[in-house]
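A.B. asks: This is the structure, below, for whatever I ask next.
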Amino acid sequence: MLFEDRYLTIKERSTGLFKDRGSKFSGYAFPVHSEEEIKSCIAELKKLHPTATHHCYAFRLGADKQSFRASDDGEPANTAGKPILGQIQSKDLTNILIVVVRYFGGTLLGVGGLINAYKLAAAEAIQNTVIIEKTVNDVYEITFDYLQMNKVMKIIKDEELKIISQQSELSCLLSFSVRKGNSNSVYDAMSKISGLEIKYLKTI
C-alpha cells in the first residue's frame, strides 16, 4: 500500500479534570469530522460554562492528519492550545477535538504551570475514552442485470465489502463501500462482469 488508509480516533465523548492552586481545568474530548461540528461543540461548551475564564482547544481532522489548529483563547502564547494538540499528536489521533475549560482560581500558575495543566486535562480526557481504529473507504454504485447477481455477490463476499443499499429487480442497483487500499482491485473485478456499470460516489 502506498498510502495509509486507516487512522486512530476516539469512540465517544469524554471528560477529564485537573486542578492546580484553585484553578480548575475541565477537559472535553469529542469525535468530530468537520469544522462545522467543531464550532458546534465549542458553542455548546460556552453555553454550558458561560462564566469560565478560557475555552482553549485543539483539533485534528482527516485520515492524512493535515488539518489541525490550536487556540490559546487569551492565555499566554503556546501555553494552552499547543499542549492540548501535543496530546492529540502523542496518541496519533485524528477526527478529534479537545477543549479545556478553565476557571481561574486567583493564583497565577506561570507558563510552566499552564502548560502542565492544559496538557494533563487533555491527557485525562483521552484516557477516559476508547481509542479505535477506522479505515478510509470508497463508496461505489453498480447497476447490473439480475442474471449477474451471483457473480456480484461472490466478489462482495470474497472482498468482505459492506453493502450500503440494494434494489433487486430485473435491473439491479447496489451501493457498497470498500477499504481504499483494496479499491482498485475491487473496481477491476466488478468491471469485468458483462453489462455491469460501476460509478464512484465518494470517500468516507
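We label chains A, B, ... in the order they appear in the C-alpha cells, count residues from 1 in each chain, and number ligands from 1 in the order shown.
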According to DSSP computed on the backbone, where in segment 11-143 of chain A is there strand (DSSP E)? Give the residues as a PDB file with C-alpha atoms, in the first residue's frame.

C.D. replies:
ATOM      1  CA  SER A  14     -15.263  12.012  27.352  1.00  0.00           C
ATOM      2  CA  THR A  15     -14.136  14.393  30.085  1.00  0.00           C
ATOM      3  CA  GLY A  16     -11.074  14.934  32.251  1.00  0.00           C
ATOM      4  CA  LEU A  17     -10.285  17.203  35.184  1.00  0.00           C
ATOM      5  CA  PHE A  18      -7.131  18.813  36.581  1.00  0.00           C
ATOM      6  CA  LYS A  19      -6.870  21.278  39.477  1.00  0.00           C
ATOM      7  CA  ASP A  20      -3.942  23.486  40.480  1.00  0.00           C
ATOM      8  CA  SER A  23      -7.821  26.905  39.111  1.00  0.00           C
ATOM      9  CA  LYS A  24      -9.966  24.183  37.593  1.00  0.00           C
ATOM     10  CA  PHE A  25      -9.245  22.768  34.123  1.00  0.00           C
ATOM     11  CA  SER A  26     -12.030  20.628  32.636  1.00  0.00           C
ATOM     12  CA  GLY A  27     -11.065  18.698  29.505  1.00  0.00           C
ATOM     13  CA  TYR A  28     -13.667  17.641  26.943  1.00  0.00           C
ATOM     14  CA  ALA A  29     -12.835  15.286  24.051  1.00  0.00           C
ATOM     15  CA  PHE A  30     -15.183  14.965  21.053  1.00  0.00           C
ATOM     16  CA  PRO A  31     -15.091  12.714  17.973  1.00  0.00           C
ATOM     17  CA  HIS A  54     -10.938  30.486  28.960  1.00  0.00           C
ATOM     18  CA  HIS A  55     -12.120  27.881  26.439  1.00  0.00           C
ATOM     19  CA  CYS A  56      -8.846  26.648  24.909  1.00  0.00           C
ATOM     20  CA  TYR A  57      -8.837  23.921  22.294  1.00  0.00           C
ATOM     21  CA  ALA A  58      -7.047  21.924  19.614  1.00  0.00           C
ATOM     22  CA  PHE A  59      -8.320  19.670  16.857  1.00  0.00           C
ATOM     23  CA  ARG A  60      -7.058  17.478  14.043  1.00  0.00           C
ATOM     24  CA  LEU A  61      -9.133  16.295  11.074  1.00  0.00           C
ATOM     25  CA  SER A  67      -5.878  19.767   9.023  1.00  0.00           C
ATOM     26  CA  PHE A  68      -5.281  20.942  12.591  1.00  0.00           C
ATOM     27  CA  ARG A  69      -5.487  24.046  14.744  1.00  0.00           C
ATOM     28  CA  ALA A  70      -4.773  25.142  18.313  1.00  0.00           C
ATOM     29  CA  SER A  71      -6.236  28.100  20.220  1.00  0.00           C
ATOM     30  CA  ILE A  96     -10.866  14.694  17.372  1.00  0.00           C
ATOM     31  CA  LEU A  97     -11.472  17.971  19.202  1.00  0.00           C
ATOM     32  CA  ILE A  98     -10.297  18.623  22.752  1.00  0.00           C
ATOM     33  CA  VAL A  99     -11.489  21.702  24.616  1.00  0.00           C
ATOM     34  CA  VAL A 100     -10.139  22.587  28.054  1.00  0.00           C
ATOM     35  CA  VAL A 101     -12.354  24.956  30.023  1.00  0.00           C
ATOM     36  CA  ARG A 102     -10.554  26.952  32.730  1.00  0.00           C
ATOM     37  CA  TYR A 103     -11.947  28.629  35.804  1.00  0.00           C
ATOM     38  CA  ILE A 131      -9.324   4.781  21.084  1.00  0.00           C
ATOM     39  CA  ILE A 132     -10.500   2.935  17.964  1.00  0.00           C
ATOM     40  CA  GLU A 133      -9.074   2.247  14.515  1.00  0.00           C
ATOM     41  CA  LYS A 134     -11.077   3.210  11.434  1.00  0.00           C
ATOM     42  CA  THR A 135     -10.439   2.771   7.729  1.00  0.00           C
ATOM     43  CA  ASN A 137     -13.411   3.739   2.445  1.00  0.00           C
ATOM     44  CA  ASP A 138     -14.504   4.439  -1.134  1.00  0.00           C
ATOM     45  CA  VAL A 139     -18.220   4.161  -1.954  1.00  0.00           C
ATOM     46  CA  TYR A 140     -19.347   2.846  -5.354  1.00  0.00           C
ATOM     47  CA  GLU A 141     -22.690   2.322  -7.049  1.00  0.00           C
ATOM     48  CA  ILE A 142     -23.212  -0.516  -9.510  1.00  0.00           C
ATOM     49  CA  THR A 143     -26.051  -1.341 -11.898  1.00  0.00           C
TER      50      THR A 143
END

A.B. asks: Which polymer residues have any atom within 12 Å of an atom of Arg6 of chain A, counting only C-alpha atoms, with same-chain residues fewer than 3 positions away left out, as a PDB file with N, CA and C atoms, in the first residue's frame?

C.D. replies:
ATOM      1  N   MET A   1       0.832  -1.194   0.000  1.00  0.00           N
ATOM      2  CA  MET A   1       0.000   0.000   0.000  1.00  0.00           C
ATOM      3  C   MET A   1       0.872   1.252   0.000  1.00  0.00           C
ATOM      4  N   PHE A   3      -0.213   4.316   0.556  1.00  0.00           N
ATOM      5  CA  PHE A   3      -0.736   5.357   1.422  1.00  0.00           C
ATOM      6  C   PHE A   3      -1.390   4.696   2.631  1.00  0.00           C
ATOM      7  N   THR A   9      -8.891   7.196  16.129  1.00  0.00           N
ATOM      8  CA  THR A   9      -9.734   8.278  16.629  1.00  0.00           C
ATOM      9  C   THR A   9     -10.355   7.817  17.942  1.00  0.00           C
ATOM     10  N   GLY A  62      -9.174  14.531   9.414  1.00  0.00           N
ATOM     11  CA  GLY A  62      -8.751  13.847   8.190  1.00  0.00           C
ATOM     12  C   GLY A  62      -7.811  12.685   8.445  1.00  0.00           C
ATOM     13  N   ALA A  63      -7.922  11.660   7.598  1.00  0.00           N
ATOM     14  CA  ALA A  63      -7.052  10.492   7.721  1.00  0.00           C
ATOM     15  C   ALA A  63      -5.592  10.861   7.494  1.00  0.00           C
ATOM     16  N   ASP A  64      -5.353  11.928   6.705  1.00  0.00           N
ATOM     17  CA  ASP A  64      -3.970  12.353   6.454  1.00  0.00           C
ATOM     18  C   ASP A  64      -3.429  13.259   7.561  1.00  0.00           C
ATOM     19  N   LYS A  65      -4.301  13.633   8.502  1.00  0.00           N
ATOM     20  CA  LYS A  65      -3.926  14.417   9.694  1.00  0.00           C
ATOM     21  C   LYS A  65      -3.345  15.796   9.355  1.00  0.00           C
ATOM     22  N   ASP A  92      -1.396   9.864  18.283  1.00  0.00           N
ATOM     23  CA  ASP A  92      -1.589   9.725  16.833  1.00  0.00           C
ATOM     24  C   ASP A  92      -3.074   9.723  16.448  1.00  0.00           C
ATOM     25  N   LEU A  93      -3.842  10.601  17.093  1.00  0.00           N
ATOM     26  CA  LEU A  93      -5.291  10.654  16.865  1.00  0.00           C
ATOM     27  C   LEU A  93      -5.656  11.683  15.797  1.00  0.00           C
ATOM     28  N   THR A  94      -6.788  11.457  15.154  1.00  0.00           N
ATOM     29  CA  THR A  94      -7.362  12.443  14.243  1.00  0.00           C
ATOM     30  C   THR A  94      -8.879  12.386  14.350  1.00  0.00           C
ATOM     31  N   ILE A 132     -10.125   3.960  18.945  1.00  0.00           N
ATOM     32  CA  ILE A 132     -10.500   2.935  17.964  1.00  0.00           C
ATOM     33  C   ILE A 132      -9.798   3.182  16.631  1.00  0.00           C
ATOM     34  N   GLU A 133      -9.667   2.122  15.846  1.00  0.00           N
ATOM     35  CA  GLU A 133      -9.074   2.247  14.515  1.00  0.00           C
ATOM     36  C   GLU A 133     -10.189   2.239  13.472  1.00  0.00           C
ATOM     37  N   LYS A 134     -10.112   3.160  12.530  1.00  0.00           N
ATOM     38  CA  LYS A 134     -11.077   3.210  11.434  1.00  0.00           C
ATOM     39  C   LYS A 134     -10.336   3.172  10.104  1.00  0.00           C
ATOM     40  N   THR A 135     -11.052   2.789   9.057  1.00  0.00           N
ATOM     41  CA  THR A 135     -10.439   2.771   7.729  1.00  0.00           C
ATOM     42  C   THR A 135     -11.068   3.832   6.838  1.00  0.00           C
ATOM     43  N   VAL A 136     -10.297   4.269   5.841  1.00  0.00           N
ATOM     44  CA  VAL A 136     -10.807   5.191   4.819  1.00  0.00           C
ATOM     45  C   VAL A 136     -11.431   4.319   3.737  1.00  0.00           C
ATOM     46  N   ASN A 137     -12.690   4.595   3.389  1.00  0.00           N
ATOM     47  CA  ASN A 137     -13.411   3.739   2.445  1.00  0.00           C
ATOM     48  C   ASN A 137     -13.944   4.520   1.246  1.00  0.00           C
ATOM     49  N   ARG A 179     -12.576  -0.694   1.490  1.00  0.00           N
ATOM     50  CA  ARG A 179     -11.382  -0.039   2.034  1.00  0.00           C
ATOM     51  C   ARG A 179     -10.531   0.501   0.895  1.00  0.00           C
ATOM     52  N   LYS A 180     -10.074   1.738   1.057  1.00  0.00           N
ATOM     53  CA  LYS A 180      -9.407   2.436  -0.043  1.00  0.00           C
ATOM     54  C   LYS A 180      -8.224   1.652  -0.619  1.00  0.00           C
ATOM     55  N   GLY A 181      -7.502   0.960   0.243  1.00  0.00           N
ATOM     56  CA  GLY A 181      -6.359   0.191  -0.224  1.00  0.00           C
ATOM     57  C   GLY A 181      -6.730  -0.946  -1.161  1.00  0.00           C
ATOM     58  N   ILE A 204     -15.296   8.033   2.317  1.00  0.00           N
ATOM     59  CA  ILE A 204     -15.753   8.304   3.691  1.00  0.00           C
ATOM     60  C   ILE A 204     -14.711   7.813   4.688  1.00  0.00           C
TER      61      ILE A 204
END

A.B. asks: I'd like the contact shell of Tyr146 of chain A - 10 Å cut-off, only C-alpha atoms, skipping same-chain residues fewer than 5 positions apart - returned as a list in words.

C.D. replies: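 Skipping anything fewer than 5 positions along the chain leaves Val152, Ser168, Glu169, Leu170, Ser171, Cys172 and Leu173 of chain A.
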
A.B. asks: With distances taken over only C-alpha atoms, which residue among A:Asp145, A:Thr129, A:Thr51, A:Ala80 lies nearest Gly113 of chain A?

C.D. replies: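 Using only C-alpha atoms, the shortest distance to Gly113 of chain A belongs to A:Ala80.
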
A.B. asks: Find the distance between atom CA of Val178 of chain A and atom CA of Glu197 of chain A and write it in Å to one decimal.

C.D. replies: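 Going from atom CA of Val178 of chain A over to atom CA of Glu197 of chain A covers 16.6 Å.
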
A.B. asks: For the helix (DSSP H, G or I) assignment from backbone DSSP, which residues of segment 31-124 of chain A qualify? Please present them as an MDAnalysis selection string.

C.D. replies: chainID A and resid 35:48 81:90 110:124

A.B. asks: Pick the closest to Ile155 of chain A from A:Val186, A:Leu8, A:Leu114, A:Ala77: which is it, counting only C-alpha atoms?

C.D. replies: A:Val186
